[in-house]
Amino acid sequence: MNSKSKWMLSGVSSILALSLLMPSAHANSSKLDELEQEQQQVQKEQQKLEKERKELEEKEEDLSSGIQKKQGEIQETSSKLDRIVSEIQQLDKKMQETQSKIDTVQAEIDQTKEEIDELKEAIKELERKIDERTELLKERARAIQMSGGSVEYIDVLLGANSFIDFIDRFSAVNTLIEADREIMREQAADKKELAAKKEAVETILANQEERRAELVSLKASLDSQKKEQAGLKNQMEAEQKRLASEKNSLEAQHEEALEVSAAVEKQIMGQQSRMAKLAQQEEAERTRIAEAERKAAAEKAAAEKAAAERAAAEKAAAERAAAEKAAAEKAAAEKAATKSSSASASTASPAPAPTPAPTPAPAPAPVVKPSANFVIPASGRHTSGFGGRDIGDGAETHLGYDIANSPGTPVVASAAGYVSFAGSMGGYGNVIIINHSINGQPYATAYAHLSSIGVSVGQKVDQRQFIGGMGNTGRSTGPHLHFEIHVGSWNGSRSNAVNPANYLSY
């Protein structure tokens, strides 16, 4: 075999060694494509769930707003109802007082009627006395007429027979005169008293009847107001029932929305677990591919080294053969030239064979220093660590690592992974959650209170890739980043949160 053929054989061997690595590389690429397709499918499903969750949150907010509005209307109606009930109670009290006054006036009227009856008896007695005096006066008048005229009291006095008779006559005349005067005074007084008592009775009756009429009118007015208030009360009670029914309906819808939201949240958590598993599979696949590529590179280097060594050995052997042949030819020529003088003939020593070139050692495989597992996600001032704290609302447990800086300060992914959540979430405000797989261990990182979000659910991100801007959304006292690390997938209770300071590379 000549030198050219040997070199061709060495090249063919190298090509065959390299061709053995091609199917493995193709298989690795196919496996990664399958994982990426599955991740894209998970991303679509996650985006759909996020859309449903957002719609449910909007529905919950609308229902909560509706419930609060109905509650406000119920409270307003309840206040009106309480006011109406209070007015009705006041009207009832007034009606009771009015009725009590009516009863009092009626009792006074009844008492007055008894007094009137007594007055009427007294009037009858006065009228009887007046009638008797009138008859007496009439008898006196008839007696005077029958005597032929009027009797002069002076004639009676002058007709006395003695002084004693005069005194008796004078006394009798005075008695008669005084009796007539008394009769006239009593008659006038009784008539005056009669007129006064009749007027008093009529006045008392008129006043009491007028007062009674006023009270009856007041009671009628109160009855009308009470009926009106009762009608308003019935309307308010009906409105109260309607609002309570609508509120119950909204609360039922809200509970249903919460149940659906919980189911969607559960699906989202399932998708997060699935994405974490895919991240683990991808990491394992990439590790396997890197190991296979490293092994293939080592095998390739070994094959190339062996081929080079064979080529060098063959080249050295060829050079030695050529040297030996040249030496033999030279020796034969010298032997023929000195054949006549054998005494002085000497055999020339062969030229030393060339020292084969040393085989170069293969270059060592480059050592790649792995990057830190987690890097600080933003620049700024560390303001609050993991553990207990009090920011004004009382003692609480802080499950993250806070970094303060101006609004919009870039926030980057602390490690490579897949975005499992990007949106608003309660006290977090705008938050991004990323699932990672590092050395086979699943992790999740959360970036809260963001002013902007630069990634979407399902998106693959690299370490230190920009994902959003620092902000002050949610339950926040100033622009800062709230950063969390969870061993495993993120969950609502954050039960697997760990201290980020133990994982970050500074």
# chains A, B, ... in the order shown; residues from 1 in each chain; ligands from 1
call {"tool": "residues_around", "arguments": {"residues": "segment 204-208 of chain A", "least_positions_apart": "4", "cutoff": "8 Å", "atoms": "only C-alpha atoms", "output": "short mmCIF file (atom, residue, chain, number, x, y, z; two decimals) with C-alpha atoms, in the first residue's frame"}}
result
data_model
loop_
_atom_site.label_atom_id
_atom_site.label_comp_id
_atom_site.auth_asym_id
_atom_site.auth_seq_id
_atom_site.Cartn_x
_atom_site.Cartn_y
_atom_site.Cartn_z
CA VAL A 105 -113.02 66.44 76.81
CA GLU A 108 -115.67 66.93 80.78
CA ILE A 109 -118.62 67.15 78.43
CA THR A 112 -120.73 69.31 82.13
CA ALA A 200 -122.95 79.73 81.05
CA ARG A 212 -114.34 68.21 70.71
#
call {"tool": "residues_around", "arguments": {"residues": "Gln71 of chain A", "least_positions_apart": "5", "cutoff": "10 Å", "atoms": "only C-alpha atoms", "output": "PyMOL selection string"}}
result
chain A and resi 65-66+76-77+243-244+246-247
call {"tool": "write_last_selection", "arguments": {"atoms": "all heavy atoms", "output": "mmCIF file, in the first residue's frame"}}
result
data_model
loop_
_atom_site.group_PDB
_atom_site.id
_atom_site.type_symbol
_atom_site.label_atom_id
_atom_site.label_comp_id
_atom_site.auth_asym_id
_atom_site.auth_seq_id
_atom_site.Cartn_x
_atom_site.Cartn_y
_atom_site.Cartn_z
ATOM 1 N N SER A 65 -69.775 44.989 42.727
ATOM 2 C CA SER A 65 -70.257 46.372 42.645
ATOM 3 C C SER A 65 -71.779 46.409 42.719
ATOM 4 O O SER A 65 -72.360 47.254 43.407
ATOM 5 C CB SER A 65 -69.762 47.014 41.343
ATOM 6 O OG SER A 65 -70.295 48.308 41.202
ATOM 7 N N GLY A 66 -72.427 45.472 41.991
ATOM 8 C CA GLY A 66 -73.890 45.407 42.030
ATOM 9 C C GLY A 66 -74.403 45.080 43.416
ATOM 10 O O GLY A 66 -75.388 45.668 43.880
ATOM 11 N N GLU A 76 -80.400 52.465 52.354
ATOM 12 C CA GLU A 76 -81.138 53.710 52.181
ATOM 13 C C GLU A 76 -82.632 53.480 52.398
ATOM 14 O O GLU A 76 -83.303 54.249 53.094
ATOM 15 C CB GLU A 76 -80.880 54.269 50.778
ATOM 16 C CG GLU A 76 -81.555 55.602 50.517
ATOM 17 C CD GLU A 76 -81.278 56.134 49.122
ATOM 18 O OE1 GLU A 76 -80.475 55.506 48.402
ATOM 19 O OE2 GLU A 76 -81.862 57.163 48.759
ATOM 20 N N THR A 77 -83.146 52.393 51.779
ATOM 21 C CA THR A 77 -84.567 52.075 51.953
ATOM 22 C C THR A 77 -84.868 51.732 53.401
ATOM 23 O O THR A 77 -85.915 52.109 53.942
ATOM 24 C CB THR A 77 -84.946 50.881 51.051
ATOM 25 O OG1 THR A 77 -84.580 51.183 49.696
ATOM 26 C CG2 THR A 77 -86.448 50.612 51.108
ATOM 27 N N LEU A 243 -85.286 44.486 46.649
ATOM 28 C CA LEU A 243 -83.842 44.695 46.679
ATOM 29 C C LEU A 243 -83.129 43.512 47.326
ATOM 30 O O LEU A 243 -82.064 43.090 46.858
ATOM 31 C CB LEU A 243 -83.514 45.974 47.451
ATOM 32 C CG LEU A 243 -83.941 47.291 46.778
ATOM 33 C CD1 LEU A 243 -83.733 48.457 47.721
ATOM 34 C CD2 LEU A 243 -83.189 47.517 45.477
ATOM 35 N N ALA A 244 -83.728 42.973 48.391
ATOM 36 C CA ALA A 244 -83.124 41.804 49.040
ATOM 37 C C ALA A 244 -83.111 40.612 48.088
ATOM 38 O O ALA A 244 -82.121 39.863 48.024
ATOM 39 C CB ALA A 244 -83.900 41.452 50.305
ATOM 40 N N GLU A 246 -83.054 40.777 44.755
ATOM 41 C CA GLU A 246 -82.037 41.046 43.736
ATOM 42 C C GLU A 246 -80.638 40.849 44.305
ATOM 43 O O GLU A 246 -79.758 40.311 43.628
ATOM 44 C CB GLU A 246 -82.207 42.467 43.205
ATOM 45 C CG GLU A 246 -83.478 42.674 42.386
ATOM 46 C CD GLU A 246 -83.624 44.096 41.886
ATOM 47 O OE1 GLU A 246 -82.756 44.929 42.234
ATOM 48 O OE2 GLU A 246 -84.588 44.375 41.161
ATOM 49 N N LYS A 247 -80.436 41.278 45.563
ATOM 50 C CA LYS A 247 -79.134 41.101 46.191
ATOM 51 C C LYS A 247 -78.818 39.617 46.353
ATOM 52 O O LYS A 247 -77.695 39.171 46.082
ATOM 53 C CB LYS A 247 -79.123 41.784 47.556
ATOM 54 C CG LYS A 247 -77.783 41.655 48.270
ATOM 55 C CD LYS A 247 -77.859 42.163 49.692
ATOM 56 C CE LYS A 247 -76.550 41.881 50.432
ATOM 57 N NZ LYS A 247 -76.632 42.230 51.859
#
call {"tool": "closest_residue", "arguments": {"among": "A:Ala327, A:Ile485, A:Ala298, A:Leu250", "to": "Asn502 of chain A", "atoms": "only C-alpha atoms"}}
result
A:Ile485
call {"tool": "residues_around", "arguments": {"residues": "Pro410 of chain A", "least_positions_apart": "6", "cutoff": "10 Å", "atoms": "only C-alpha atoms", "output": "PyMOL selection string"}}
result
chain A and resi 377-379+450+452+465-471
call {"tool": "closest_residue", "arguments": {"among": "A:Asp103, A:Glu319, A:Glu52, A:Glu329", "to": "Arg211 of chain A", "atoms": "only C-alpha atoms"}}
result
A:Asp103
call {"tool": "atom_distance", "arguments": {"atom1": "atom CA of Gly423 of chain A", "atom2": "atom CA of Ala446 of chain A"}}
result
11.6 Å
call {"tool": "closest_residue", "arguments": {"among": "A:Glu299, A:Glu209, A:Gln47, A:Gln37", "to": "Ser456 of chain A", "atoms": "only C-alpha atoms"}}
result
A:Gln47
call {"tool": "atom_distance", "arguments": {"atom1": "atom CA of Lys44 of chain A", "atom2": "atom CA of Gly454 of chain A"}}
result
17.6 Å
call {"tool": "residues_around", "arguments": {"residues": "Asp223 of chain A", "least_positions_apart": "3", "cutoff": "9 Å", "atoms": "only C-alpha atoms", "output": "list in words"}}
result
Leu91, Asp92, Met95, Leu218, Lys219, Ala220, Lys226, Lys227 and Glu228 of chain A
call {"tool": "write_last_selection", "arguments": {"atoms": "N, CA and C atoms", "output": "CSV table (one decimal), in the first residue's frame"}}
result
chain,number,residue,atom,x,y,z
A,91,LEU,N,-96.9,59.4,65.2
A,91,LEU,CA,-98.3,59.6,64.9
A,91,LEU,C,-99.2,58.8,65.8
A,92,ASP,N,-98.8,57.6,66.1
A,92,ASP,CA,-99.6,56.7,67.0
A,92,ASP,C,-99.6,57.4,68.4
A,95,MET,N,-101.8,60.3,68.2
A,95,MET,CA,-103.2,59.9,68.1
A,95,MET,C,-103.7,59.4,69.5
A,218,LEU,N,-108.6,66.7,64.3
A,218,LEU,CA,-107.1,66.3,64.5
A,218,LEU,C,-106.9,64.8,64.4
A,219,LYS,N,-107.8,64.1,65.0
A,219,LYS,CA,-107.7,62.6,65.0
A,219,LYS,C,-107.9,62.1,63.6
A,220,ALA,N,-108.9,62.7,62.9
A,220,ALA,CA,-109.1,62.3,61.5
A,220,ALA,C,-107.9,62.6,60.6
A,226,LYS,N,-101.6,58.6,59.2
A,226,LYS,CA,-101.1,57.2,59.5
A,226,LYS,C,-101.4,56.3,58.3
A,227,LYS,N,-102.5,56.5,57.7
A,227,LYS,CA,-102.8,55.6,56.5
A,227,LYS,C,-101.8,55.9,55.4
A,228,GLU,N,-101.5,57.2,55.2
A,228,GLU,CA,-100.5,57.5,54.2
A,228,GLU,C,-99.1,56.9,54.5
